[in-house]
Each structure stands twice: as C-alpha cells, then as structure tokens.
Amino acid sequence: MNSSPDFSKGLLPAVIQDASTLQVLMLGYMNEEAYFKTQSENIVTFYSRSKERLWTKGETSGNFFHVKNILLDCDQDTLLIQVDPVGPACHTGADTCFNTSNQDNAAWLDYLKHIIRSRKGASADTSYTASLFQKGTNKVAQKVGEEAVELVIEAMSNNDELFKGEAADLVFHLLVLLEDRGIGLEEIVKLLQQRHAK
C-alpha cells in the first residue's frame, strides 16, 4: 500500500473480505494503533467502540483473521482488508456478520490464476507449473487434452472422488493454457456472461 490512512478524521471503517471467496465478512473500525498492530502482527485488530479499547478479532473465540492484503480507498479513509479467516466471522456463529454464506469458493480460481501467472517466467526447476510453461504451448495444450480424456473416463466409472480429482486437474491445466496464451480467466467469464444474456 503506497498511501497512508488518514486518521485525522477519527476512526476509519475497515471492511473485512475473505481473500479466497471475496465474500465480505464484517465491518469494524480502526484507530492508528489498531492499524499498526494489524500490520505488524498480520492478524486483524480493531478499535472496539463499545469496549473503548483495542480488540483483536478472535482473542476469545480463536476465530482470527490472518491478513493477506490491506487496501486503502481513494480518500485514504476506508480500509479493505483481505483475510484468511479461521472459523466463522460473526459472534453468532454465522459465516459473516451479514448472515450470508462464505462457502462459495469459486472466486479462488482468480487467486489461483495469479499464482499460475507468477510462475510463468520462473525457472523450470522451481515448480511443476513453471516446467509446463518452459515446455511450450503444444505441451500445455496436450496436457489439457489428456486431462479432458481422463475426466471423461472417470465420469463413467461412478467414483466421485476420482472424477473430482480429474476435474480439478483439467481446470488447473486449462488455467495454465489460458495464461500461456495470454488470455485472462476474466475474458472467459465475460464471454460466458454474454452468452447467458442472449
């Protein structure tokens, strides 16, 4: 984060978002001390308006928010904190303080896309993904074809675990192929949205 929050306006709202699902979990408030404690410990700490003190989320329940990223809005007076939550976000036991489910993790594919992208220029010996990129488009495309055939075979075997494993392999290799071709996952989503609208 390049800019610094403007605490001259008092407490700043901190929107807490699951880094994997992109679901908004809750809203809290931070003063400067809570903000710096959150930054230094990588665990979200708020300023509790009711208790009038710092409050680390999870200090009694164990349901901590591990910080993945901190973003600041254009006016430097609102924080978006992306986290890896441990347990439910709400004191009621609900996934979020808005009583919504945090189980839809399809947005994690976008996170995976960025991991794959980060390995595109890496040395082949650093990861399987990097080694695929080094082998070239033909090899990556061949892997997608192999995984598609294996998925079809498992679809007929009535073994859900093997089928899910092959589906995961196919999706992963498809993401690698998209990245190899320089086509973002968001472009495919946009095309699906356009088709759905017809």
# chains A, B, ... in the order shown; residues from 1 in each chain; ligands from 1
$ residues_around --residues "Phe36 of chain A" --least-positions-apart "6" --cutoff "12 Å" --atoms "only C-alpha atoms" --output "ChimeraX atom specification"
/A:4-5,7,30,42-47,54,70
$ write_last_selection --atoms "N, CA, C and O atoms" --output "CSV table (one decimal), in the first residue's frame"
chain,number,residue,atom,x,y,z
A,4,SER,N,-0.9,6.3,3.1
A,4,SER,CA,-1.2,6.0,4.5
A,4,SER,C,-2.6,6.4,4.8
A,4,SER,O,-3.1,7.5,4.3
A,5,PRO,N,-3.3,5.7,5.7
A,5,PRO,CA,-4.6,6.1,6.1
A,5,PRO,C,-4.6,7.4,6.8
A,5,PRO,O,-3.7,7.8,7.5
A,7,PHE,N,-6.0,9.2,9.6
A,7,PHE,CA,-6.6,9.0,10.9
A,7,PHE,C,-7.0,10.4,11.5
A,7,PHE,O,-7.6,10.4,12.6
A,30,MET,N,-11.0,1.0,13.0
A,30,MET,CA,-9.6,1.1,13.4
A,30,MET,C,-9.2,2.5,13.7
A,30,MET,O,-9.5,3.4,13.0
A,42,ASN,N,0.0,-9.1,11.4
A,42,ASN,CA,-0.7,-9.8,10.3
A,42,ASN,C,-2.0,-10.5,10.8
A,42,ASN,O,-2.4,-11.6,10.3
A,43,ILE,N,-2.5,-10.0,11.9
A,43,ILE,CA,-3.8,-10.5,12.4
A,43,ILE,C,-4.6,-9.3,12.7
A,43,ILE,O,-4.1,-8.3,13.3
A,44,VAL,N,-5.9,-9.3,12.3
A,44,VAL,CA,-6.7,-8.1,12.4
A,44,VAL,C,-7.0,-7.7,13.8
A,44,VAL,O,-7.5,-8.5,14.6
A,45,THR,N,-6.7,-6.4,14.1
A,45,THR,CA,-7.1,-5.8,15.4
A,45,THR,C,-7.9,-4.6,15.1
A,45,THR,O,-7.6,-3.8,14.3
A,46,PHE,N,-9.1,-4.5,15.8
A,46,PHE,CA,-9.9,-3.3,15.7
A,46,PHE,C,-9.8,-2.4,16.9
A,46,PHE,O,-9.3,-2.8,17.9
A,47,TYR,N,-10.4,-1.3,16.8
A,47,TYR,CA,-10.7,-0.5,18.0
A,47,TYR,C,-12.2,-0.7,18.3
A,47,TYR,O,-13.1,-0.4,17.5
A,54,LEU,N,-8.5,-1.6,22.2
A,54,LEU,CA,-8.1,-2.4,21.0
A,54,LEU,C,-8.7,-3.8,21.3
A,54,LEU,O,-8.8,-4.3,22.4
A,70,ILE,N,-3.9,-5.4,2.5
A,70,ILE,CA,-4.6,-4.3,3.0
A,70,ILE,C,-4.6,-3.2,1.9
A,70,ILE,O,-3.6,-2.9,1.3
$ select_by_dssp --residues "chain A" --states "alpha helix (DSSP H)" --output "ChimeraX atom specification"
/A:32-41,108-118,128-135,137-155,160-181,185-197
$ select_by_dssp --residues "segment 13-147 of chain A" --states "strand (DSSP E or B)" --output "ChimeraX atom specification"
/A:13-18,24-30,43,45-48,53-56,65-72,79-85
$ closest_residue --among "A:Glu161, A:Asp18, A:Asp95, A:Asp169" --to "Val149 of chain A" --atoms "only C-alpha atoms"
A:Asp169
$ atom_distance --atom1 "atom CA of Leu12 of chain A" --atom2 "atom CA of Gly87 of chain A"
24.8 Å
$ atom_distance --atom1 "atom CA of Glu33 of chain A" --atom2 "atom CA of Val86 of chain A"
23.0 Å
$ closest_residue --among "A:Ser131, A:Asn31, A:Thr92, A:Asn69" --to "Pro13 of chain A" --atoms "only C-alpha atoms"
A:Asn31
$ residues_around --residues "Asp110 of chain A" --least-positions-apart "6" --cutoff "9 Å" --atoms "only C-alpha atoms" --output "ChimeraX atom specification"
/A:20,185-186
$ atom_distance --atom1 "atom CA of Lys135 of chain A" --atom2 "atom CA of Ala167 of chain A"
22.6 Å
$ residues_around --residues "segment 173-176 of chain A" --least-positions-apart "3" --cutoff "6 Å" --atoms "only C-alpha atoms" --output "PyMOL selection string"
chain A and resi 144+170+179
$ write_last_selection --atoms "C-alpha atoms" --output "mmCIF file, in the first residue's frame"
data_model
loop_
_atom_site.group_PDB
_atom_site.id
_atom_site.type_symbol
_atom_site.label_atom_id
_atom_site.label_comp_id
_atom_site.auth_asym_id
_atom_site.auth_seq_id
_atom_site.Cartn_x
_atom_site.Cartn_y
_atom_site.Cartn_z
ATOM 1 C CA VAL A 144 -5.379 -30.228 -21.268
ATOM 2 C CA LEU A 170 -8.465 -30.278 -16.060
ATOM 3 C CA GLU A 179 -2.105 -17.944 -19.154
#
$ closest_residue --among "A:Pro88, A:Val189, A:Gly28, A:Glu147" --to "Thr100 of chain A" --atoms "only C-alpha atoms"
A:Pro88
$ closest_residue --among "A:Leu79, A:Gly121, A:His196, A:Glu146" --to "Gln134 of chain A" --atoms "only C-alpha atoms"
A:Gly121
$ residues_around --residues "Leu178 of chain A" --least-positions-apart "5" --cutoff "12 Å" --atoms "only C-alpha atoms" --output "PDB file with N, CA, C and O atoms, in the first residue's frame"
ATOM      1  N   LYS A 113      -5.244 -18.226 -10.533  1.00  0.00           N
ATOM      2  CA  LYS A 113      -4.781 -17.635 -11.794  1.00  0.00           C
ATOM      3  C   LYS A 113      -3.544 -16.765 -11.550  1.00  0.00           C
ATOM      4  O   LYS A 113      -2.578 -16.821 -12.318  1.00  0.00           O
ATOM      5  N   HIS A 114      -3.556 -15.983 -10.472  1.00  0.00           N
ATOM      6  CA  HIS A 114      -2.417 -15.113 -10.169  1.00  0.00           C
ATOM      7  C   HIS A 114      -1.182 -15.915  -9.756  1.00  0.00           C
ATOM      8  O   HIS A 114      -0.051 -15.539 -10.090  1.00  0.00           O
ATOM      9  N   ILE A 116      -0.506 -18.949 -10.857  1.00  0.00           N
ATOM     10  CA  ILE A 116      -0.023 -19.500 -12.128  1.00  0.00           C
ATOM     11  C   ILE A 116       0.733 -18.436 -12.909  1.00  0.00           C
ATOM     12  O   ILE A 116       1.825 -18.677 -13.422  1.00  0.00           O
ATOM     13  N   ARG A 117       0.189 -17.222 -12.968  1.00  0.00           N
ATOM     14  CA  ARG A 117       0.834 -16.126 -13.692  1.00  0.00           C
ATOM     15  C   ARG A 117       2.221 -15.827 -13.118  1.00  0.00           C
ATOM     16  O   ARG A 117       3.168 -15.562 -13.855  1.00  0.00           O
ATOM     17  N   LYS A 120       4.987 -18.066 -14.492  1.00  0.00           N
ATOM     18  CA  LYS A 120       5.169 -18.145 -15.944  1.00  0.00           C
ATOM     19  C   LYS A 120       6.624 -17.930 -16.360  1.00  0.00           C
ATOM     20  O   LYS A 120       7.131 -18.640 -17.222  1.00  0.00           O
ATOM     21  N   PHE A 133       5.212 -24.280 -18.472  1.00  0.00           N
ATOM     22  CA  PHE A 133       5.416 -23.104 -19.319  1.00  0.00           C
ATOM     23  C   PHE A 133       6.688 -23.243 -20.151  1.00  0.00           C
ATOM     24  O   PHE A 133       6.715 -22.864 -21.327  1.00  0.00           O
ATOM     25  N   THR A 137       3.568 -24.105 -25.540  1.00  0.00           N
ATOM     26  CA  THR A 137       2.121 -24.171 -25.719  1.00  0.00           C
ATOM     27  C   THR A 137       1.651 -25.561 -26.136  1.00  0.00           C
ATOM     28  O   THR A 137       0.629 -26.054 -25.631  1.00  0.00           O
ATOM     29  N   VAL A 140       1.476 -27.839 -23.110  1.00  0.00           N
ATOM     30  CA  VAL A 140       0.401 -27.438 -22.197  1.00  0.00           C
ATOM     31  C   VAL A 140      -0.949 -27.835 -22.784  1.00  0.00           C
ATOM     32  O   VAL A 140      -1.804 -28.396 -22.079  1.00  0.00           O
ATOM     33  N   ALA A 141      -1.144 -27.593 -24.081  1.00  0.00           N
ATOM     34  CA  ALA A 141      -2.396 -27.965 -24.744  1.00  0.00           C
ATOM     35  C   ALA A 141      -2.596 -29.479 -24.716  1.00  0.00           C
ATOM     36  O   ALA A 141      -3.712 -29.972 -24.506  1.00  0.00           O
ATOM     37  N   VAL A 144      -3.945 -30.503 -21.386  1.00  0.00           N
ATOM     38  CA  VAL A 144      -5.379 -30.228 -21.268  1.00  0.00           C
ATOM     39  C   VAL A 144      -6.164 -31.348 -21.937  1.00  0.00           C
ATOM     40  O   VAL A 144      -7.157 -31.848 -21.383  1.00  0.00           O
ATOM     41  N   VAL A 171      -9.224 -28.314 -14.838  1.00  0.00           N
ATOM     42  CA  VAL A 171      -9.365 -26.868 -14.608  1.00  0.00           C
ATOM     43  C   VAL A 171      -7.992 -26.226 -14.426  1.00  0.00           C
ATOM     44  O   VAL A 171      -7.699 -25.175 -15.007  1.00  0.00           O
ATOM     45  N   PHE A 172      -7.132 -26.877 -13.645  1.00  0.00           N
ATOM     46  CA  PHE A 172      -5.786 -26.332 -13.426  1.00  0.00           C
ATOM     47  C   PHE A 172      -5.028 -26.187 -14.739  1.00  0.00           C
ATOM     48  O   PHE A 172      -4.483 -25.122 -15.041  1.00  0.00           O
ATOM     49  N   HIS A 173      -5.003 -27.246 -15.529  1.00  0.00           N
ATOM     50  CA  HIS A 173      -4.238 -27.198 -16.777  1.00  0.00           C
ATOM     51  C   HIS A 173      -4.861 -26.232 -17.783  1.00  0.00           C
ATOM     52  O   HIS A 173      -4.146 -25.603 -18.569  1.00  0.00           O
ATOM     53  N   ILE A 183      -4.421 -15.103 -22.255  1.00  0.00           N
ATOM     54  CA  ILE A 183      -5.854 -14.827 -22.156  1.00  0.00           C
ATOM     55  C   ILE A 183      -6.273 -14.965 -20.704  1.00  0.00           C
ATOM     56  O   ILE A 183      -6.066 -16.013 -20.082  1.00  0.00           O
ATOM     57  N   GLY A 184      -6.851 -13.917 -20.154  1.00  0.00           N
ATOM     58  CA  GLY A 184      -7.243 -13.922 -18.750  1.00  0.00           C
ATOM     59  C   GLY A 184      -8.526 -14.705 -18.512  1.00  0.00           C
ATOM     60  O   GLY A 184      -9.418 -14.745 -19.372  1.00  0.00           O
ATOM     61  N   LEU A 185      -8.627 -15.307 -17.356  1.00  0.00           N
ATOM     62  CA  LEU A 185      -9.839 -16.024 -16.972  1.00  0.00           C
ATOM     63  C   LEU A 185     -11.054 -15.109 -17.046  1.00  0.00           C
ATOM     64  O   LEU A 185     -12.145 -15.532 -17.438  1.00  0.00           O
ATOM     65  N   GLU A 186     -10.848 -13.826 -16.709  1.00  0.00           N
ATOM     66  CA  GLU A 186     -11.958 -12.871 -16.737  1.00  0.00           C
ATOM     67  C   GLU A 186     -12.534 -12.714 -18.150  1.00  0.00           C
ATOM     68  O   GLU A 186     -13.720 -12.434 -18.317  1.00  0.00           O
ATOM     69  N   GLU A 187     -11.705 -12.929 -19.173  1.00  0.00           N
ATOM     70  CA  GLU A 187     -12.203 -12.850 -20.553  1.00  0.00           C
ATOM     71  C   GLU A 187     -13.162 -14.002 -20.849  1.00  0.00           C
ATOM     72  O   GLU A 187     -14.158 -13.830 -21.558  1.00  0.00           O
ATOM     73  N   ILE A 188     -12.860 -15.170 -20.299  1.00  0.00           N
ATOM     74  CA  ILE A 188     -13.726 -16.337 -20.491  1.00  0.00           C
ATOM     75  C   ILE A 188     -15.028 -16.140 -19.724  1.00  0.00           C
ATOM     76  O   ILE A 188     -16.119 -16.445 -20.233  1.00  0.00           O
TER      77      ILE A 188
END
